[in-house]
Structures are given as structure tokens and as C-alpha cells.
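Here is the file input.tsv (TSV, C-alpha atoms).
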chain	number	residue	atom	x	y	z
A	1	MET	CA	2.00	17.69	18.12
A	2	ASN	CA	3.68	20.98	17.34
A	3	VAL	CA	7.05	19.24	17.42
A	4	PRO	CA	8.15	19.21	13.78
A	5	ALA	CA	10.83	16.52	14.17
A	6	LEU	CA	8.32	14.11	15.75
A	7	ASP	CA	5.81	14.78	12.99
A	8	ALA	CA	8.47	14.11	10.35
A	9	LEU	CA	9.46	10.89	12.11
A	10	THR	CA	5.83	9.78	12.31
A	11	GLY	CA	5.49	10.48	8.59
A	12	ALA	CA	8.60	8.52	7.66
A	13	LEU	CA	7.56	5.52	9.80
A	14	SER	CA	4.02	5.46	8.45
A	15	LYS	CA	5.38	4.69	4.97
A	16	LEU	CA	6.53	1.27	6.21
A	17	PRO	CA	4.35	-1.78	5.47
A	18	GLY	CA	1.66	-2.44	8.05
A	19	VAL	CA	2.29	0.79	9.94
A	20	GLY	CA	-0.70	3.14	10.26
A	21	SER	CA	-0.48	6.74	11.40
A	22	ARG	CA	-1.40	5.92	15.00
A	23	SER	CA	1.17	3.19	15.41
A	24	ALA	CA	3.74	5.40	13.66
A	25	ALA	CA	3.05	8.13	16.23
A	26	ARG	CA	3.43	5.61	19.05
A	27	MET	CA	6.76	4.42	17.63
A	28	ALA	CA	7.98	7.99	17.15
A	29	MET	CA	7.19	8.88	20.76
A	30	LYS	CA	8.90	5.74	22.01
A	31	LEU	CA	11.99	6.55	19.93
A	32	ALA	CA	12.05	10.12	21.23
A	33	SER	CA	11.70	8.82	24.80
A	34	GLU	CA	14.70	6.55	24.59
A	35	PRO	CA	17.12	7.95	22.01
A	36	THR	CA	20.18	6.11	23.27
A	37	ARG	CA	18.57	2.70	23.44
A	38	LEU	CA	16.38	3.02	20.34
A	39	ILE	CA	17.51	5.76	17.94
A	40	ALA	CA	21.25	5.09	17.94
A	41	PRO	CA	21.07	1.40	16.89
A	42	LEU	CA	18.33	2.13	14.35
A	43	LEU	CA	20.39	4.89	12.75
A	44	ALA	CA	23.42	2.63	12.54
A	45	ALA	CA	21.41	-0.25	11.04
A	46	LEU	CA	19.73	2.01	8.47
A	47	GLU	CA	23.05	3.43	7.34
A	48	GLU	CA	24.53	-0.04	7.20
A	49	THR	CA	21.57	-1.26	5.14
A	50	ARG	CA	21.88	1.65	2.73
A	51	GLU	CA	25.59	1.03	2.26
A	52	HIS	CA	25.70	-2.75	2.22
A	53	VAL	CA	22.42	-4.31	1.14
A	54	ARG	CA	21.83	-4.91	-2.54
A	55	PHE	CA	19.71	-7.20	-4.67
A	56	CYS	CA	21.58	-10.18	-6.06
A	57	THR	CA	21.73	-9.47	-9.79
A	58	ARG	CA	21.19	-13.13	-10.51
A	59	CYS	CA	18.28	-14.26	-8.31
A	60	GLY	CA	17.01	-10.98	-6.85
A	61	ALA	CA	17.57	-11.94	-3.19
A	62	PHE	CA	18.88	-9.42	-0.69
A	63	THR	CA	22.62	-9.77	-0.40
A	64	ASP	CA	25.63	-8.03	1.02
A	65	VAL	CA	27.28	-5.72	-1.52
A	66	GLY	CA	30.37	-7.95	-1.23
A	67	TYR	CA	28.45	-11.06	-2.33
A	68	ASN	CA	26.99	-10.68	-5.81
A	69	PRO	CA	25.84	-13.22	-6.96
A	70	CYS	CA	24.59	-14.00	-3.47
A	71	ARG	CA	25.78	-16.83	-1.25
A	72	LEU	CA	22.83	-19.01	-2.20
A	73	CYS	CA	23.41	-18.57	-5.96
A	74	THR	CA	27.04	-19.63	-5.58
A	75	ASP	CA	26.46	-22.40	-3.02
A	76	PRO	CA	27.62	-25.58	-4.79
A	77	SER	CA	25.43	-27.75	-2.56
A	78	ARG	CA	22.24	-26.25	-4.05
A	79	ASP	CA	20.69	-28.03	-7.01
A	80	GLY	CA	20.88	-25.64	-9.96
A	81	ARG	CA	18.58	-27.79	-12.10
A	82	LEU	CA	15.65	-26.87	-9.86
A	83	LEU	CA	14.61	-23.20	-9.95
A	84	CYS	CA	11.88	-21.76	-7.71
A	85	VAL	CA	10.22	-18.61	-9.04
A	86	VAL	CA	8.82	-16.18	-6.45
A	87	GLU	CA	7.40	-12.67	-6.63
A	88	ASP	CA	9.81	-11.01	-4.24
A	89	PRO	CA	12.83	-11.72	-2.03
A	90	GLY	CA	10.63	-11.89	1.09
A	91	ASP	CA	8.83	-14.93	-0.35
A	92	MET	CA	12.20	-16.53	-1.00
A	93	GLN	CA	13.06	-16.04	2.64
A	94	THR	CA	9.77	-17.62	3.73
A	95	ILE	CA	10.41	-20.71	1.62
A	96	GLU	CA	14.02	-20.94	2.83
A	97	GLU	CA	12.76	-21.04	6.42
A	98	THR	CA	11.02	-24.34	5.74
A	99	GLY	CA	14.46	-25.81	5.05
A	100	THR	CA	13.02	-28.26	2.51
A	101	PHE	CA	13.86	-26.71	-0.85
A	102	ARG	CA	17.33	-27.52	-2.13
A	103	GLY	CA	17.25	-25.74	-5.50
A	104	ARG	CA	17.88	-22.11	-6.35
A	105	TYR	CA	15.54	-19.12	-6.64
A	106	HIS	CA	14.48	-16.41	-9.04
A	107	ALA	CA	12.50	-13.38	-7.85
A	108	LEU	CA	10.35	-11.70	-10.48
A	109	MET	CA	10.31	-8.50	-8.40
A	110	GLY	CA	6.59	-8.05	-8.94
A	111	LYS	CA	3.87	-9.49	-11.10
A	112	ILE	CA	2.07	-8.63	-14.29
A	113	SER	CA	-0.49	-6.06	-13.16
A	114	PRO	CA	-2.56	-4.23	-15.77
A	115	MET	CA	-4.07	-2.20	-12.91
A	116	ARG	CA	-0.67	-0.76	-12.04
A	117	GLY	CA	0.53	-0.70	-15.64
A	118	ASP	CA	3.12	-3.42	-15.05
A	119	GLY	CA	3.53	-5.63	-18.12
A	120	PRO	CA	5.78	-8.63	-18.82
A	121	ASN	CA	8.73	-6.32	-19.41
A	122	ASP	CA	8.43	-4.76	-15.96
A	123	ILE	CA	9.26	-7.95	-14.10
A	124	ARG	CA	12.37	-10.11	-14.34
A	125	LEU	CA	11.12	-12.47	-17.04
A	126	ARG	CA	13.89	-11.99	-19.59
A	127	GLU	CA	16.38	-12.79	-16.83
A	128	LEU	CA	14.38	-15.91	-15.97
A	129	VAL	CA	14.40	-17.16	-19.56
A	130	ARG	CA	18.11	-16.52	-19.83
A	131	ARG	CA	18.84	-18.38	-16.58
A	132	VAL	CA	16.75	-21.36	-17.66
A	133	ARG	CA	18.74	-21.52	-20.87
A	134	GLU	CA	22.20	-20.90	-19.42
A	135	GLU	CA	22.05	-22.69	-16.07
A	136	GLY	CA	20.77	-26.06	-17.22
A	137	VAL	CA	17.47	-25.74	-15.39
A	138	VAL	CA	15.30	-28.86	-15.70
A	139	GLU	CA	12.29	-27.85	-13.60
A	140	VAL	CA	10.85	-24.46	-12.68
A	141	VAL	CA	8.66	-24.49	-9.55
A	142	LEU	CA	6.24	-21.57	-9.48
A	143	ALA	CA	5.69	-20.28	-5.94
A	144	LEU	CA	3.60	-17.22	-6.73
A	145	ASN	CA	0.70	-15.85	-4.72
A	146	THR	CA	-2.85	-16.94	-5.45
A	147	ASP	CA	-4.59	-13.64	-6.16
A	148	LEU	CA	-5.90	-13.03	-9.66
A	149	GLU	CA	-2.90	-11.07	-10.97
A	150	SER	CA	-0.42	-13.58	-9.58
A	151	GLU	CA	-2.38	-16.45	-11.11
A	152	SER	CA	-2.37	-14.82	-14.52
A	153	THR	CA	1.35	-14.06	-14.15
A	154	ALA	CA	1.86	-17.78	-13.42
A	155	GLY	CA	-0.04	-18.62	-16.59
A	156	PHE	CA	2.13	-16.26	-18.60
A	157	VAL	CA	5.37	-17.65	-17.16
A	158	THR	CA	4.20	-21.21	-17.76
A	159	ALA	CA	3.47	-20.58	-21.44
A	160	LEU	CA	6.77	-18.77	-21.86
A	161	LEU	CA	8.82	-21.60	-20.36
A	162	ARG	CA	6.90	-24.56	-21.82
A	163	GLU	CA	7.66	-23.40	-25.33
A	164	ARG	CA	11.31	-23.58	-24.33
A	165	GLY	CA	10.90	-27.19	-23.29
A	166	VAL	CA	11.36	-26.84	-19.53
A	167	LYS	CA	9.14	-28.62	-17.03
A	168	VAL	CA	6.97	-26.20	-15.06
A	169	THR	CA	5.34	-27.12	-11.75
A	170	ARG	CA	3.53	-25.07	-9.12
A	171	LEU	CA	2.92	-25.35	-5.39
A	172	ALA	CA	-0.09	-27.48	-4.55
A	173	TYR	CA	-3.40	-25.81	-3.84
A	174	GLY	CA	-5.13	-27.07	-0.74
A	175	ILE	CA	-6.24	-26.62	2.80
A	176	PRO	CA	-3.64	-24.84	4.97
A	177	ALA	CA	-2.23	-26.74	7.93
A	178	GLY	CA	-3.92	-26.07	11.25
A	179	SER	CA	-7.13	-24.91	9.60
A	180	GLY	CA	-10.53	-26.56	9.37
A	181	ILE	CA	-12.92	-27.49	6.59
A	182	ARG	CA	-15.54	-25.11	7.88
A	183	TYR	CA	-13.11	-22.16	7.72
A	184	THR	CA	-12.00	-22.91	4.18
A	185	ASP	CA	-13.46	-20.90	1.30
A	186	ALA	CA	-15.26	-22.58	-1.61
A	187	VAL	CA	-12.53	-22.00	-4.21
A	188	THR	CA	-9.87	-23.52	-1.99
A	189	LEU	CA	-12.10	-26.50	-1.17
A	190	GLU	CA	-12.88	-27.07	-4.82
A	191	ARG	CA	-9.17	-27.09	-5.63
A	192	ALA	CA	-8.34	-29.33	-2.68
A	193	LEU	CA	-10.98	-31.79	-3.88
A	194	ALA	CA	-9.68	-31.72	-7.45
A	195	GLY	CA	-6.14	-32.28	-6.15
A	196	ARG	CA	-7.10	-35.06	-3.69
A	197	GLN	CA	-4.44	-37.65	-3.10
A	198	GLU	CA	-4.57	-41.32	-2.26
A	199	VAL	CA	-3.58	-42.11	1.33
B	1	MET	CA	18.98	-14.11	5.97
B	2	ASN	CA	22.77	-14.15	5.86
B	3	VAL	CA	22.75	-10.38	5.25
B	4	PRO	CA	24.07	-8.93	8.52
B	5	ALA	CA	22.84	-5.36	7.90
B	6	LEU	CA	19.29	-6.59	7.31
B	7	ASP	CA	19.40	-8.69	10.46
B	8	ALA	CA	20.62	-5.71	12.48
B	9	LEU	CA	17.87	-3.53	11.01
B	10	THR	CA	15.25	-6.15	11.82
B	11	GLY	CA	16.57	-6.28	15.39
B	12	ALA	CA	16.48	-2.51	15.83
B	13	LEU	CA	12.94	-2.25	14.43
B	14	SER	CA	11.62	-5.09	16.57
B	15	LYS	CA	12.37	-3.05	19.69
B	16	LEU	CA	9.64	-0.59	18.71
B	17	PRO	CA	6.22	-0.87	20.36
B	18	GLY	CA	3.83	-3.23	18.59
B	19	VAL	CA	6.46	-4.54	16.19
B	20	GLY	CA	7.07	-8.29	16.25
B	21	SER	CA	10.01	-10.00	14.60
B	22	ARG	CA	8.06	-10.91	11.46
B	23	SER	CA	6.76	-7.40	10.84
B	24	ALA	CA	10.22	-6.01	11.62
B	25	ALA	CA	11.67	-8.30	8.93
B	26	ARG	CA	9.02	-7.13	6.48
B	27	MET	CA	9.81	-3.48	7.24
B	28	ALA	CA	13.54	-4.09	6.91
B	29	MET	CA	13.12	-5.71	3.50
B	30	LYS	CA	10.89	-2.87	2.34
B	31	LEU	CA	13.46	-0.32	3.51
B	32	ALA	CA	16.26	-2.18	1.74
B	33	SER	CA	14.14	-2.34	-1.42
B	34	GLU	CA	13.58	1.39	-1.60
B	35	PRO	CA	16.47	3.15	0.12
B	36	THR	CA	15.97	6.50	-1.56
B	37	ARG	CA	12.26	6.75	-0.86
B	38	LEU	CA	12.28	5.13	2.58
B	39	ILE	CA	15.70	5.11	4.25
B	40	ALA	CA	16.79	8.65	3.47
B	41	PRO	CA	13.78	10.44	5.04
B	42	LEU	CA	13.77	8.08	8.01
B	43	LEU	CA	17.45	8.72	8.69
B	44	ALA	CA	16.89	12.47	8.50
B	45	ALA	CA	13.86	12.34	10.80
B	46	LEU	CA	15.65	10.16	13.35
B	47	GLU	CA	18.63	12.49	13.47
B	48	GLU	CA	16.33	15.49	13.74
B	49	THR	CA	14.43	13.80	16.58
B	50	ARG	CA	17.63	13.00	18.43
B	51	GLU	CA	18.87	16.57	18.09
B	52	HIS	CA	15.66	18.51	18.61
B	53	VAL	CA	13.11	16.59	20.63
B	54	ARG	CA	13.16	16.92	24.41
B	55	PHE	CA	10.73	16.49	27.27
B	56	CYS	CA	9.29	19.77	28.55
B	57	THR	CA	10.84	20.09	32.01
B	58	ARG	CA	7.57	21.51	33.33
B	59	CYS	CA	4.80	19.22	32.03
B	60	GLY	CA	6.73	16.32	30.49
B	61	ALA	CA	5.34	16.73	26.96
B	62	PHE	CA	7.53	16.28	23.92
B	63	THR	CA	8.82	19.64	22.80
B	64	ASP	CA	11.35	21.17	20.48
B	65	VAL	CA	14.65	21.86	22.23
B	66	GLY	CA	14.06	25.57	21.54
B	67	TYR	CA	10.75	25.57	23.45
B	68	ASN	CA	11.23	24.63	27.09
B	69	PRO	CA	8.78	25.04	28.82
B	70	CYS	CA	6.76	23.83	25.85
B	71	ARG	CA	4.34	25.91	23.79
B	72	LEU	CA	1.35	24.55	25.69
B	73	CYS	CA	2.83	25.39	29.11
B	74	THR	CA	3.46	28.98	28.02
B	75	ASP	CA	0.23	29.45	26.05
B	76	PRO	CA	-1.61	32.25	27.92
B	77	SER	CA	-4.97	31.09	26.56
B	78	ARG	CA	-4.76	27.83	28.56
B	79	ASP	CA	-6.32	27.80	32.01
B	80	GLY	CA	-3.49	27.24	34.49
B	81	ARG	CA	-5.89	26.60	37.36
B	82	LEU	CA	-6.91	23.30	35.78
B	83	LEU	CA	-4.19	20.63	35.63
B	84	CYS	CA	-4.68	17.28	33.94
B	85	VAL	CA	-2.39	14.49	35.22
B	86	VAL	CA	-1.52	11.72	32.75
B	87	GLU	CA	0.91	8.83	32.79
B	88	ASP	CA	2.91	9.75	29.71
B	89	PRO	CA	3.13	12.37	26.94
B	90	GLY	CA	1.29	10.12	24.50
B	91	ASP	CA	-1.83	10.25	26.71
B	92	MET	CA	-1.55	14.03	26.74
B	93	GLN	CA	-1.58	13.99	22.96
B	94	THR	CA	-4.66	11.75	22.89
B	95	ILE	CA	-6.59	14.12	25.17
B	96	GLU	CA	-5.43	17.17	23.19
B	97	GLU	CA	-6.88	15.61	20.06
B	98	THR	CA	-10.38	15.80	21.53
B	99	GLY	CA	-9.94	19.60	21.58
B	100	THR	CA	-12.11	19.90	24.67
B	101	PHE	CA	-9.64	20.36	27.52
B	102	ARG	CA	-8.49	23.94	28.03
B	103	GLY	CA	-6.23	23.51	31.06
B	104	ARG	CA	-2.61	22.38	31.28
B	105	TYR	CA	-1.00	18.97	31.71
B	106	HIS	CA	1.42	17.10	33.90
B	107	ALA	CA	2.87	13.76	32.83
B	108	LEU	CA	3.97	11.47	35.66
B	109	MET	CA	6.23	9.55	33.25
B	110	GLY	CA	5.08	6.24	34.61
B	111	LYS	CA	3.12	4.88	37.50
B	112	ILE	CA	3.79	3.38	40.91
B	113	SER	CA	4.58	-0.22	40.09
B	114	PRO	CA	5.84	-2.51	42.84
B	115	MET	CA	6.26	-5.21	40.20
B	116	ARG	CA	8.84	-3.13	38.36
B	117	GLY	CA	10.26	-1.60	41.50
B	118	ASP	CA	8.91	1.88	40.70
B	119	GLY	CA	7.89	3.75	43.84
B	120	PRO	CA	6.47	7.27	44.36
B	121	ASN	CA	9.95	8.78	43.91
B	122	ASP	CA	10.35	7.24	40.48
B	123	ILE	CA	7.53	9.23	38.90
B	124	ARG	CA	7.13	13.00	38.68
B	125	LEU	CA	5.15	13.46	41.89
B	126	ARG	CA	7.38	16.01	43.62
B	127	GLU	CA	7.18	18.14	40.48
B	128	LEU	CA	3.39	17.80	40.54
B	129	VAL	CA	3.13	18.95	44.16
B	130	ARG	CA	5.41	21.90	43.45
B	131	ARG	CA	3.41	22.93	40.39
B	132	VAL	CA	0.13	22.72	42.29
B	133	ARG	CA	1.62	25.00	44.94
B	134	GLU	CA	3.37	27.47	42.65
B	135	GLU	CA	1.00	27.71	39.70
B	136	GLY	CA	-2.26	28.42	41.54
B	137	VAL	CA	-3.85	25.12	40.51
B	138	VAL	CA	-7.45	24.82	41.75
B	139	GLU	CA	-8.41	21.44	40.32
B	140	VAL	CA	-6.35	18.41	39.34
B	141	VAL	CA	-8.05	16.09	36.84
B	142	LEU	CA	-6.63	12.57	36.97
B	143	ALA	CA	-6.57	10.94	33.53
B	144	LEU	CA	-4.69	7.77	34.39
B	145	ASN	CA	-5.25	4.32	32.96
B	146	THR	CA	-7.61	1.88	34.65
B	147	ASP	CA	-5.38	-1.10	35.32
B	148	LEU	CA	-4.64	-2.01	38.90
B	149	GLU	CA	-1.31	-0.19	39.21
B	150	SER	CA	-2.69	2.97	37.61
B	151	GLU	CA	-5.70	2.91	39.92
B	152	SER	CA	-3.50	2.62	42.97
B	153	THR	CA	-1.26	5.40	41.64
B	154	ALA	CA	-4.41	7.52	41.30
B	155	GLY	CA	-5.27	6.77	44.92
B	156	PHE	CA	-1.80	7.78	46.04
B	157	VAL	CA	-1.87	11.05	44.05
B	158	THR	CA	-5.35	11.85	45.37
B	159	ALA	CA	-4.28	11.46	49.01
B	160	LEU	CA	-1.14	13.50	48.40
B	161	LEU	CA	-3.02	16.40	46.83
B	162	ARG	CA	-6.09	16.40	49.07
B	163	GLU	CA	-3.95	17.00	52.13
B	164	ARG	CA	-2.70	20.11	50.32
B	165	GLY	CA	-6.25	21.36	49.89
B	166	VAL	CA	-6.60	21.00	46.12
B	167	LYS	CA	-9.71	19.60	44.47
B	168	VAL	CA	-9.03	16.25	42.77
B	169	THR	CA	-11.33	14.81	40.10
B	170	ARG	CA	-10.96	11.89	37.73
B	171	LEU	CA	-12.32	10.93	34.32
B	172	ALA	CA	-15.72	9.24	34.51
B	173	TYR	CA	-15.91	5.47	34.38
B	174	GLY	CA	-18.47	4.15	31.97
B	175	ILE	CA	-19.38	2.47	28.75
B	176	PRO	CA	-17.19	3.54	25.83
B	177	ALA	CA	-18.90	5.23	22.88
B	178	GLY	CA	-19.79	2.95	20.01
B	179	SER	CA	-19.82	-0.14	22.22
B	180	GLY	CA	-22.73	-2.27	23.43
B	181	ILE	CA	-23.96	-3.49	26.80
B	182	ARG	CA	-23.31	-7.10	25.86
B	183	TYR	CA	-19.67	-6.35	25.06
B	184	THR	CA	-19.03	-4.52	28.32
B	185	ASP	CA	-17.28	-6.31	31.16
B	186	ALA	CA	-18.85	-6.65	34.59
B	187	VAL	CA	-16.57	-4.17	36.39
B	188	THR	CA	-17.22	-1.45	33.82
B	189	LEU	CA	-20.98	-2.08	33.94
B	190	GLU	CA	-21.01	-1.95	37.73
B	191	ARG	CA	-19.18	1.38	37.63
B	192	ALA	CA	-21.41	2.75	34.88
B	193	LEU	CA	-24.44	1.84	36.97
B	194	ALA	CA	-22.99	3.45	40.08
B	195	GLY	CA	-22.24	6.60	38.11
B	196	ARG	CA	-25.62	6.73	36.31
B	197	GLN	CA	-26.85	10.18	35.46
B	198	GLU	CA	-30.31	11.70	35.15
B	199	VAL	CA	-31.32	12.41	31.57
Show the structure stored in the file as C-alpha cells.
Amino acid sequence: MNVPALDALTGALSKLPGVGSRSAARMAMKLASEPTRLIAPLLAALEETREHVRFCTRCGAFTDVGYNPCRLCTDPSRDGRLLCVVEDPGDMQTIEETGTFRGRYHALMGKISPMRGDGPNDIRLRELVRRVREEGVVEVVLALNTDLESESTAGFVTALLRERGVKVTRLAYGIPAGSGIRYTDAVTLERALAGRQEV
Amino acid sequence: MNVPALDALTGALSKLPGVGSRSAARMAMKLASEPTRLIAPLLAALEETREHVRFCTRCGAFTDVGYNPCRLCTDPSRDGRLLCVVEDPGDMQTIEETGTFRGRYHALMGKISPMRGDGPNDIRLRELVRRVREEGVVEVVLALNTDLESESTAGFVTALLRERGVKVTRLAYGIPAGSGIRYTDAVTLERALAGRQEV
């Protein structure tokens, strides 16, 4: 575009998840068109995020720098015997939005991925084992993704925790709500059949 | 999320074009996860954009504050007799990318939209008439969108310029490349038929 600042802005935006180069360019032009309405609040929020947002050193959730452990970890109304293991803080947020889980969380911050060279020591497994031991956890609920690497991470975590005598459960496999049999893949159907429940 | 900075960042990002609240939240979490790699360059680019990016006062394109009129307006290799009228600078960019237009541009910065209360005085029409008069423009190529308001804006611009004796053309209507007859709507087909060309 021959406007270096716009090109730099397009480049910085296109590193964000789900943002391709064309949509980054569109965002950059919109920002440049309305600096007061769009750039000023974004600058302030970015600076605020850099200064104030941290990962909770206990569960891995996003938290304000003034709350570590985070509010959820220290909330006495949450059941500390029930620990939900997720891959990242975003998943934690998604589960929280359902409003049905009353335990605490632990984010692994990734998964075991031989492809990317991430082994068991590259995710927060040691921390998980320590929490299970120290916090009186009775049941660990695995809420990992269902791709191959996540599944094998789940297997690894299960073995690790079982030998320490803690109960390990995982989210049910099945047909997603609002979907139809004919749109469901074979693997999911097979698992839904195997996990069929009496009505 | 109970992390005010992240909520503010999500809010600021969701004002960008094509960004819904869920994707804004995903972006915000990604930014918070990697402040050095993601926040720092974005902050720098936003500040740079705010300081350095302006609209060219002649054609309406984005330009560096040090180049006004913009590089394209002052490029002697461009044909000043041919002026392409677009709605906004982004459209200009899209046409430039084809590399086939050798004239200059004029962005209206909007369209006549009774719905939004934008009349002829709210877009850069006076500037267009003045440029046509002062810059020796022989042909104005309208490259406006094809929704109803854009079409009626095109009609208004055409009448305005014709009475000043300048030739007005518009981009051809027709079937987009890479598409098929069965995916083309009736209005487009009718226009493509009317504009059929001998082969």
C-alpha cells in the first residue's frame, strides 16, 4: 500500500488467531480511518493487558496481576476435591460459561505433541501431580480435545494419576446437541453407540 | 472472565470489521498469552498508524503524513485524464492490486444513503467536480458497489458529471470469474446477457 505504518499494522494483526492477511488489511484500514474511536481504546486495552494480565500460577487461568492465585482458585465455594484438567485457559472459560461445573481447574498449557517436540515435561503435568497430592483432590475430570495428540495426552495423564490412586474421568463422547445422525462422523457414532444410556 | 483488562481488550477488538465477540475473546487471550511476540509489535504499529497515516486530501487514499498528496496522485507515470471513482480507499487498493489501471483515483468516502442520512454533501462530490475541472480529466470510470444505494449514487454522480461534459463509464456487469451459470443470480444473468459481447 506504500504506507509503511499500515503494512506494519496489517502484519501485526495477521498474527492473531483466525485473522488472514486480507481481513488484517481490512481491520488496519478501519483502524486508520477512525483513530479516535478505534485506535485509542485498543491501545489502552493492550497496555492494560500487558501490565495487568498474568497466568494464575496455580491453575493457569488468566488473572489480574493482583490476584494470584486467581479468584476461582481461592473461591471457598468451589469444590477443591474435583479438578477439571483442560489444555488452555480458553477451554476453562468455555466450561465456566456453562455454569454447571463447581470444582476447580488445571490448565496443562498445551498437550504432548511429538510433532512439535513437546513432551510430558513441556506441559504442566508436574504441577498437576503436586496439586492432586496437596489439595486433597478426589476426582480429576479430563476435558481435553479429541484430536489424536490430545487423546494420547489424556491417556498419559490417566496413567500418571491412576498410579497415584486418584479417580480419573473424562467428558462423555457423543453426538453434539443440535446436530443430526446423518451429519455425525463414523467415529463419533461408534462412540455414542458404545456409550449409550438407558432412558 | 473477571479479568477487567481482558474484557476491555475483547471489547476494543470486537469493534473491528468482521470480528465477533467470540473471536475477539480468542484474540485477546492469545495476545495475553504472548505479550512480547504479539502485544509489543501491535502497540508499536497502532501508535505508528495514529501518528503517520492520513487520508490523501486529493484522492482520499491512505498515505503517510509526509506524502500529501499521496505518491499515486503525484506519480507522473499515471494518466491524469483517467479518473476512477471508488467508495473508499480499500476499494482503491483492491483495484490497484490488479495492476491494470493506469489512471488516478478519487474516493467518495461513502455513498448517498438516505437510510443513514448521508446526502450528496456528505461524500466527496464537490472535490470530484473540482478535480474533473482542474485536472483535465477526460473520462471518469465509476467503480462503485452494486447494492441499491451504490447504484443510485452512481446515477447521481453520472448526471452531475455529464452536465459538465465529461465522459462517464462504469465497470462491466457480468458473471464473476471462476463462477458458474447455475450459481449466478437472476439480476446478474440478465445484465450479463444484455452486455453480451461478440467473440
Atom pair atom CA of A:Ile95 + atom CA of A:Glu127, distance 20.9 Å
Compute the chain B side of the contact with chain A at 6 Å, counting all atoms listed in the file, and hand it back as a PDB file with C-alpha atoms, in the frame of the given file.
ATOM      1  CA  VAL B   3      22.750 -10.380   5.250  1.00  0.00           C
ATOM      2  CA  ALA B   5      22.840  -5.360   7.900  1.00  0.00           C
ATOM      3  CA  ALA B   8      20.620  -5.710  12.480  1.00  0.00           C
ATOM      4  CA  LEU B   9      17.870  -3.530  11.010  1.00  0.00           C
ATOM      5  CA  ALA B  12      16.480  -2.510  15.830  1.00  0.00           C
ATOM      6  CA  LEU B  16       9.640  -0.590  18.710  1.00  0.00           C
ATOM      7  CA  PRO B  17       6.220  -0.870  20.360  1.00  0.00           C
ATOM      8  CA  MET B  27       9.810  -3.480   7.240  1.00  0.00           C
ATOM      9  CA  LEU B  42      13.770   8.080   8.010  1.00  0.00           C
ATOM     10  CA  ALA B  45      13.860  12.340  10.800  1.00  0.00           C
ATOM     11  CA  GLU B  48      16.330  15.490  13.740  1.00  0.00           C
ATOM     12  CA  THR B  49      14.430  13.800  16.580  1.00  0.00           C
ATOM     13  CA  THR B  63       8.820  19.640  22.800  1.00  0.00           C
ATOM     14  CA  ASP B  64      11.350  21.170  20.480  1.00  0.00           C
TER      15      ASP B  64
END
Of the candidates B:Leu125, B:Arg196, B:Glu135, B:His106, which one gets nearest to B:Thr158 if we count all atoms listed in the file?
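Nearest to B:Thr158: B:Leu125.
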Expressed in Å to a single decimal, how great is the separation between atom CA of A:Asn68 and atom CA of A:Gly103?
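Taking atom CA of A:Asn68 and atom CA of A:Gly103, their separation equals 17.9 Å.
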Please compute the atom CA of A:Glu149-atom CA of A:Gly110 distance, one decimal, in Å.
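According to the coordinates, atom CA of A:Glu149 and atom CA of A:Gly110 are separated by 10.2 Å.
Nearest residue to B:Arg191 among B:Val168, B:Ala107, B:Phe156, B:Tyr173 is B:Tyr173, counting all atoms listed in the file.
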Between B:Arg81, B:Arg58, B:Arg116, B:Lys111, which is the closest to B:Val132 once you count only C-alpha atoms?
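Among B:Arg81, B:Arg58, B:Arg116, B:Lys111, it is B:Arg81 that comes nearest to B:Val132.
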Take every atom of stretch 67-84 of chain B listed in the file, pad by 6 Å on each side, and give me the axis-aligned box centre and edge lengths in Å, one decimal, as JSON.
{"center_x": 2.2, "center_y": 24.8, "center_z": 30.4, "size_x": 30.1, "size_y": 27.0, "size_z": 25.9}
